[in-house]
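The file my_file.txt comes next; it holds compact mmCIF, C-alpha atoms and all ligand atoms.
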```
# COMPACT_ATOMS: atom_id res chain seq x y z
CA MET A 233 0.00 0.00 0.00
CA GLY A 234 1.36 3.40 -0.90
CA CYS A 235 2.04 5.87 1.84
CA VAL A 236 4.86 7.96 3.31
CA ASP A 237 6.12 8.62 6.83
CA THR A 238 6.36 12.41 6.98
CA HIS A 239 8.17 12.51 10.33
CA CYS A 240 10.50 10.06 12.05
CA HIS A 241 13.80 10.12 13.91
CA LEU A 242 15.51 7.11 12.36
CA GLN A 243 18.92 8.73 12.95
CA MET A 244 18.51 8.47 16.72
CA ALA A 245 20.16 6.00 19.11
CA PRO A 246 17.27 3.49 19.48
CA PHE A 247 17.95 2.47 15.85
CA ASP A 248 21.74 2.12 16.19
CA GLY A 249 21.52 -1.68 16.17
CA ASP A 250 19.27 -2.15 13.13
CA ARG A 251 18.94 1.13 11.23
CA VAL A 252 19.52 -0.39 7.79
CA GLN A 253 17.00 -3.19 8.37
CA THR A 254 14.43 -0.75 9.78
CA LEU A 255 14.80 1.53 6.76
CA ASP A 256 14.51 -1.48 4.49
CA ARG A 257 11.25 -2.56 6.17
CA ALA A 258 9.94 0.99 5.80
CA LEU A 259 10.78 1.33 2.13
CA ARG A 260 9.13 -1.99 1.29
CA SER A 261 5.73 -0.49 2.04
CA LEU A 262 6.34 3.28 1.86
CA GLU A 263 7.39 5.47 -1.04
CA TRP A 264 9.67 7.62 1.07
CA ILE A 265 10.23 8.87 4.59
CA VAL A 266 11.31 12.12 6.22
CA VAL A 267 14.01 11.99 8.91
CA VAL A 268 13.76 14.95 11.26
CA GLY A 269 16.46 16.54 13.41
CA ASP A 270 15.87 17.99 16.86
CA ASN A 271 19.20 19.77 17.34
CA LEU A 272 22.26 20.53 15.22
CA GLU A 273 23.84 17.14 15.76
CA THR A 274 20.72 15.08 14.95
CA SER A 275 20.00 17.39 12.00
CA ARG A 276 23.46 16.63 10.60
CA ALA A 277 22.74 12.93 11.12
CA ALA A 278 19.35 13.29 9.39
CA TRP A 279 21.06 14.86 6.39
CA ALA A 280 23.73 12.16 6.39
CA MET A 281 20.97 9.52 6.08
CA SER A 282 19.17 11.29 3.26
CA GLY A 283 18.99 9.83 -0.21
CA ASP A 284 16.58 9.12 -3.05
CA ARG A 285 13.77 8.03 -0.77
CA VAL A 286 14.90 9.61 2.49
CA HIS A 287 14.40 13.35 2.92
CA ALA A 288 15.79 15.43 5.77
CA VAL A 289 14.37 18.17 8.00
CA VAL A 290 16.84 20.25 10.00
CA GLY A 291 16.30 22.46 13.02
CA CYS A 292 16.04 22.77 16.77
CA HIS A 293 13.28 21.29 18.96
CA PRO A 294 11.93 23.44 21.81
CA TYR A 295 13.56 20.95 24.24
CA HIS A 296 16.91 22.28 23.06
CA ALA A 297 15.98 25.96 22.81
CA GLY A 298 18.39 26.72 25.67
CA SER A 299 21.37 25.88 23.46
CA PHE A 300 20.04 27.48 20.29
CA ASP A 301 22.51 30.34 19.88
CA ASP A 302 23.75 32.24 16.81
CA ALA A 303 26.18 29.45 15.96
CA ALA A 304 23.41 26.85 16.05
CA LEU A 305 21.24 29.01 13.81
CA ALA A 306 24.14 29.39 11.37
CA GLY A 307 24.66 25.64 11.46
CA VAL A 308 21.00 24.99 10.67
CA ARG A 309 21.09 27.57 7.86
CA GLU A 310 24.13 25.90 6.30
CA LEU A 311 22.50 22.45 6.47
CA ALA A 312 19.17 23.73 5.20
CA ARG A 313 20.73 24.86 1.92
CA ARG A 314 21.87 21.35 1.09
CA PRO A 315 20.00 19.11 -1.34
CA ARG A 316 17.40 16.74 0.08
CA VAL A 317 16.56 19.08 2.97
CA VAL A 318 12.83 19.66 2.60
CA ALA A 319 11.92 21.78 5.65
CA ILE A 320 13.08 23.53 8.81
CA GLY A 321 12.20 21.70 12.03
CA GLU A 322 11.26 20.37 14.19
CA THR A 323 10.65 23.66 15.89
CA GLY A 324 7.84 24.98 18.04
CA LEU A 325 6.76 25.20 21.66
CA ASP A 326 6.50 22.56 24.38
CA TYR A 327 5.03 23.78 27.67
CA PHE A 328 4.26 20.21 28.79
CA ASN A 329 7.90 19.19 29.03
CA GLU A 330 9.38 22.58 29.77
CA PHE A 331 12.97 21.40 29.30
CA SER A 332 13.87 24.90 28.13
CA PRO A 333 12.28 28.03 29.62
CA ARG A 334 9.34 29.41 27.65
CA ALA A 335 11.16 32.71 27.28
CA LEU A 336 13.84 30.90 25.27
CA GLN A 337 11.48 28.62 23.33
CA ARG A 338 9.68 31.52 21.67
CA PRO A 339 12.71 33.22 20.05
CA CYS A 340 14.10 29.81 19.06
CA PHE A 341 10.81 29.09 17.26
CA GLU A 342 10.55 32.57 15.68
CA ARG A 343 14.12 32.61 14.41
CA GLN A 344 13.57 29.27 12.70
CA LEU A 345 10.30 30.43 11.15
CA ALA A 346 12.14 33.47 9.82
CA LEU A 347 14.88 31.20 8.48
CA ALA A 348 12.31 28.98 6.77
CA ALA A 349 10.76 32.05 5.15
CA GLU A 350 14.20 33.34 4.10
CA LEU A 351 15.09 30.02 2.46
CA GLY A 352 11.66 29.40 0.96
CA LEU A 353 11.23 26.18 2.94
CA PRO A 354 8.20 24.98 4.91
CA ALA A 355 8.38 24.60 8.70
CA VAL A 356 7.65 21.45 10.69
CA VAL A 357 6.05 22.58 13.93
CA HIS A 358 5.80 20.82 17.30
CA SER A 359 3.18 22.15 19.72
CA ARG A 360 2.42 20.60 23.07
CA ALA A 361 0.35 22.29 25.77
CA ALA A 362 1.20 25.58 24.04
CA HIS A 363 -1.41 25.84 21.32
CA ALA A 364 -2.46 29.45 21.91
CA ASP A 365 1.13 30.73 21.75
CA THR A 366 1.96 28.46 18.80
CA ALA A 367 -1.01 29.81 16.85
CA ALA A 368 -0.19 33.43 17.77
CA ILE A 369 3.42 33.11 16.59
CA LEU A 370 2.41 31.23 13.44
CA ARG A 371 -0.16 33.89 12.65
CA GLU A 372 2.62 36.49 12.53
CA HIS A 373 4.89 34.42 10.33
CA ALA A 374 2.35 32.62 8.12
CA PRO A 375 2.19 35.32 5.42
CA ARG A 376 5.91 34.83 4.66
CA LEU A 377 6.07 31.06 5.19
CA LYS A 378 6.27 28.72 2.22
CA GLY A 379 4.22 26.10 4.05
CA CYS A 380 3.76 24.50 7.42
CA VAL A 381 3.17 21.08 8.95
CA MET A 382 1.60 20.80 12.39
CA HIS A 383 3.32 17.56 13.30
CA CYS A 384 2.02 14.91 15.70
CA PHE A 385 -1.17 16.86 16.04
CA GLY A 386 -2.33 16.83 19.65
CA GLY A 387 -5.04 19.46 19.78
CA ASP A 388 -8.79 19.53 19.47
CA ALA A 389 -11.02 20.40 16.52
CA SER A 390 -10.82 24.11 17.35
CA PHE A 391 -7.00 24.18 17.24
CA ALA A 392 -7.15 22.12 14.03
CA GLY A 393 -9.41 24.81 12.58
CA GLN A 394 -6.91 27.54 13.51
CA CYS A 395 -4.05 25.58 11.97
CA LEU A 396 -6.02 25.08 8.76
CA GLU A 397 -6.78 28.80 8.58
CA LEU A 398 -3.06 29.49 8.90
CA GLY A 399 -2.44 27.22 5.90
CA CYS A 400 -0.97 24.28 7.83
CA TYR A 401 -1.09 20.66 6.83
CA ILE A 402 -2.01 18.52 9.83
CA SER A 403 -0.06 15.37 10.54
CA PHE A 404 -1.39 12.56 12.72
CA ALA A 405 0.77 10.01 14.50
CA GLY A 406 0.20 6.64 16.19
CA ASN A 407 -1.60 8.16 19.18
CA LEU A 408 -4.61 8.59 16.86
CA THR A 409 -5.16 4.84 17.30
CA PHE A 410 -5.22 4.88 21.13
CA PRO A 411 -8.62 3.87 22.55
CA LYS A 412 -8.92 7.03 24.63
CA ALA A 413 -8.00 9.41 21.79
CA SER A 414 -11.57 10.21 20.79
CA ALA A 415 -10.98 13.99 20.87
CA LEU A 416 -8.05 13.56 18.52
CA ARG A 417 -10.13 11.43 16.15
CA GLU A 418 -12.83 14.09 16.26
CA ALA A 419 -10.22 16.68 15.27
CA ALA A 420 -9.05 14.43 12.43
CA LEU A 421 -12.59 14.23 11.13
CA ALA A 422 -12.61 18.02 10.85
CA VAL A 423 -9.49 18.12 8.65
CA PRO A 424 -10.17 18.02 4.91
CA VAL A 425 -8.40 15.14 3.16
CA ASP A 426 -6.28 17.49 1.07
CA ARG A 427 -4.63 18.86 4.25
CA LEU A 428 -3.96 15.54 6.02
CA LEU A 429 -0.60 13.90 6.61
CA VAL A 430 0.50 10.85 8.58
CA GLU A 431 3.72 10.16 10.45
CA THR A 432 5.15 7.88 13.11
CA ASP A 433 7.42 10.22 15.11
CA ALA A 434 9.41 6.98 15.57
CA PRO A 435 10.96 5.87 17.90
CA TYR A 436 8.15 7.47 19.93
CA LEU A 437 4.39 6.87 19.98
CA ALA A 438 3.93 3.38 18.54
CA PRO A 439 0.34 2.82 17.42
CA GLN A 440 -2.01 0.80 19.64
CA CYS A 441 -1.07 -2.61 18.18
CA HIS A 442 2.62 -2.01 19.04
CA ARG A 443 2.02 0.28 21.99
CA GLY A 444 4.80 0.55 24.54
CA LYS A 445 7.39 -0.78 22.10
CA ARG A 446 9.81 1.10 19.89
CA CYS A 447 7.98 2.64 16.98
CA GLU A 448 9.33 2.44 13.42
CA PRO A 449 8.37 4.11 10.13
CA ALA A 450 6.69 1.00 8.67
CA TYR A 451 4.01 1.31 11.37
CA VAL A 452 2.63 4.46 9.75
CA THR A 453 0.17 2.25 7.87
CA HIS A 454 -1.72 1.61 11.14
CA THR A 455 -2.34 5.34 11.50
CA LEU A 456 -3.33 5.53 7.84
CA ASP A 457 -5.81 2.66 8.34
CA CYS A 458 -7.32 4.39 11.36
CA LEU A 459 -7.66 7.68 9.49
CA ALA A 460 -9.14 5.95 6.45
CA SER A 461 -11.81 4.21 8.50
CA LEU A 462 -12.65 7.52 10.23
CA LYS A 463 -13.03 9.19 6.85
CA GLY A 464 -14.86 6.23 5.31
CA LEU A 465 -12.29 5.95 2.53
CA PRO A 466 -10.26 3.01 1.23
CA ALA A 467 -6.81 3.21 2.84
CA GLU A 468 -5.19 2.99 -0.60
CA ASP A 469 -7.01 6.08 -1.82
CA LEU A 470 -6.23 8.05 1.32
CA GLY A 471 -2.60 6.92 1.18
CA GLU A 472 -2.39 8.20 -2.37
CA GLN A 473 -3.91 11.54 -1.36
CA ILE A 474 -1.48 11.82 1.57
CA ILE A 475 1.47 11.25 -0.75
CA LEU A 476 0.19 14.09 -2.95
CA ASN A 477 -0.25 16.33 0.10
CA ALA A 478 3.23 15.51 1.36
CA CYS A 479 4.75 16.21 -2.07
CA ALA A 480 2.91 19.53 -2.16
CA VAL A 481 4.06 20.76 1.25
CA PHE A 482 7.65 19.53 0.91
CA ASN A 483 7.85 20.69 -2.70
CA LEU A 484 8.75 17.24 -4.02
CA PRO A 485 7.93 15.88 -7.45
CA ARG A 486 5.33 13.12 -7.46
CA ALA A 487 7.22 10.08 -8.75
CA ALA A 488 5.55 8.24 -11.62
CA ARG A 489 4.04 4.95 -10.46
ZN ZN B 1 7.62 16.72 18.04
ZN ZN B 2 9.53 14.42 16.21
```

Show the structure stored in the file as structure tokens.
Amino acid sequence: MGCVDTHCHLQMAPFDGDRVQTLDRALRSLEWIVVVGDNLETSRAAWAMSGDRVHAVVGCHPYHAGSFDDAALAGVRELARRPRVVAIGETGLDYFNEFSPRALQRPCFERQLALAAELGLPAVVHSRAAHADTAAILREHAPRLKGCVMHCFGGDASFAGQCLELGCYISFAGNLTFPKASALREAALAVPVDRLLVETDAPYLAPQCHRGKRCEPAYVTHTLDCLASLKGLPAEDLGEQIILNACAVFNLPRAAR
């Protein structure tokens, strides 16, 4: 079945023992995947993994906002100009795990949105327990942004509506399949199919059938199946639409099938 994983961290340590095999499993069922950095080092590693069917996203996660100085911004800018880098991220705000003070998260986010606008790249945005501030900052930058993905969407239908108004694509991860995630499924129902994406955020957030274990990109099909049954569409058709959406936001050509 055709699909893509628009957000995973296959460069990270949990895959050190079987990265090649995991990528191989992914590319047997998926057209391509996006490997996302969360600081300068993991962004470099994401780029180093990139290839024909592996795209890279480079940037600084709000967890690491405390170390996002001018040198880190310059490092991200240099990486972002390389081929196969399709977006800036992941960036955003996380007030749930406040590993960096909020006062540092906001400028870290804004400087990366400005960089994305400068380079004509979309932004991959992380928002947890910070939706009002995320929306306010995005509203300021949206007119200059080339595109935006609200990754691992964790809000309600109202936040989904705000994100859609701001031009974002909305990406759902394995937590969509959790029995208690009815609010999330309700939000997914409110997102038009031409703005939907799916992702794993691997190694985190394995879908219900693998819950508690390490997640991997191949599992994205479980989230696709869940979304397809919510929307009352064949998973193959929705997968095809999601590939088109992902190509549109990341400015990738749609490969002939
Ligand atoms: Zn994230
Ligand atoms: Zn992530």

Between atom CA of Pro435 of chain A and atom CA of Leu396 of chain A - distance in Å to one decimal: 27.2 Å

The distance between atom CA of Arg334 of chain A and atom CA of Glu418 of chain A is 29.3 Å

Sorted by chain and rising residue number, which residues of chain A lie within 7 Å of ligand ZN 1 (chain B), and what are their closest atom pairs and distances in Å to one decimal, counting all atoms listed in the file, as CSV?
```
residue,atom,partner,partner_atom,distance
A:Glu322,CA,B:ZN1,ZN,6.4
A:His358,CA,B:ZN1,ZN,4.5
A:His383,CA,B:ZN1,ZN,6.5
A:Cys384,CA,B:ZN1,ZN,6.3
```

Per-residue nearest contacts of chain A to ligand ZN 2 (chain B) (10 Å; all atoms listed in the file) as CSV:
```
residue,atom,partner,partner_atom,distance
A:Thr238,CA,B:ZN2,ZN,10.0
A:His239,CA,B:ZN2,ZN,6.3
A:Cys240,CA,B:ZN2,ZN,6.1
A:His241,CA,B:ZN2,ZN,6.5
A:Val267,CA,B:ZN2,ZN,8.9
A:Val268,CA,B:ZN2,ZN,6.5
A:Gly269,CA,B:ZN2,ZN,7.8
A:Asp270,CA,B:ZN2,ZN,7.3
A:His293,CA,B:ZN2,ZN,8.3
A:Gly321,CA,B:ZN2,ZN,8.8
A:Glu322,CA,B:ZN2,ZN,6.5
A:Thr323,CA,B:ZN2,ZN,9.3
A:Val356,CA,B:ZN2,ZN,9.1
A:Val357,CA,B:ZN2,ZN,9.2
A:His358,CA,B:ZN2,ZN,7.5
A:His383,CA,B:ZN2,ZN,7.5
A:Cys384,CA,B:ZN2,ZN,7.5
A:Ala405,CA,B:ZN2,ZN,10.0
A:Glu431,CA,B:ZN2,ZN,9.2
A:Thr432,CA,B:ZN2,ZN,8.5
A:Asp433,CA,B:ZN2,ZN,4.8
A:Ala434,CA,B:ZN2,ZN,7.5
A:Pro435,CA,B:ZN2,ZN,8.8
A:Tyr436,CA,B:ZN2,ZN,8.0
A:Leu437,CA,B:ZN2,ZN,9.9
```

Nearest to Ser261 of chain A by atom-to-atom distance, counting all atoms listed in the file, from A:Ala346, A:Met382, A:Ala450, A:Cys479: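 Nearest to Ser261 of chain A: A:Ala450.
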
Env of segment 302-312 of chain A: 7 Å cut, atoms = only C-alpha atoms, seq-sep filter 6 positions within chain, self excluded. Answer as a PyMOL selection string. chain A and resi 272+290-291

Please, what distance in Å, to one decimal, runs between atom CA of His363 of chain A and atom CA of Ser299 of chain A? 22.9 Å
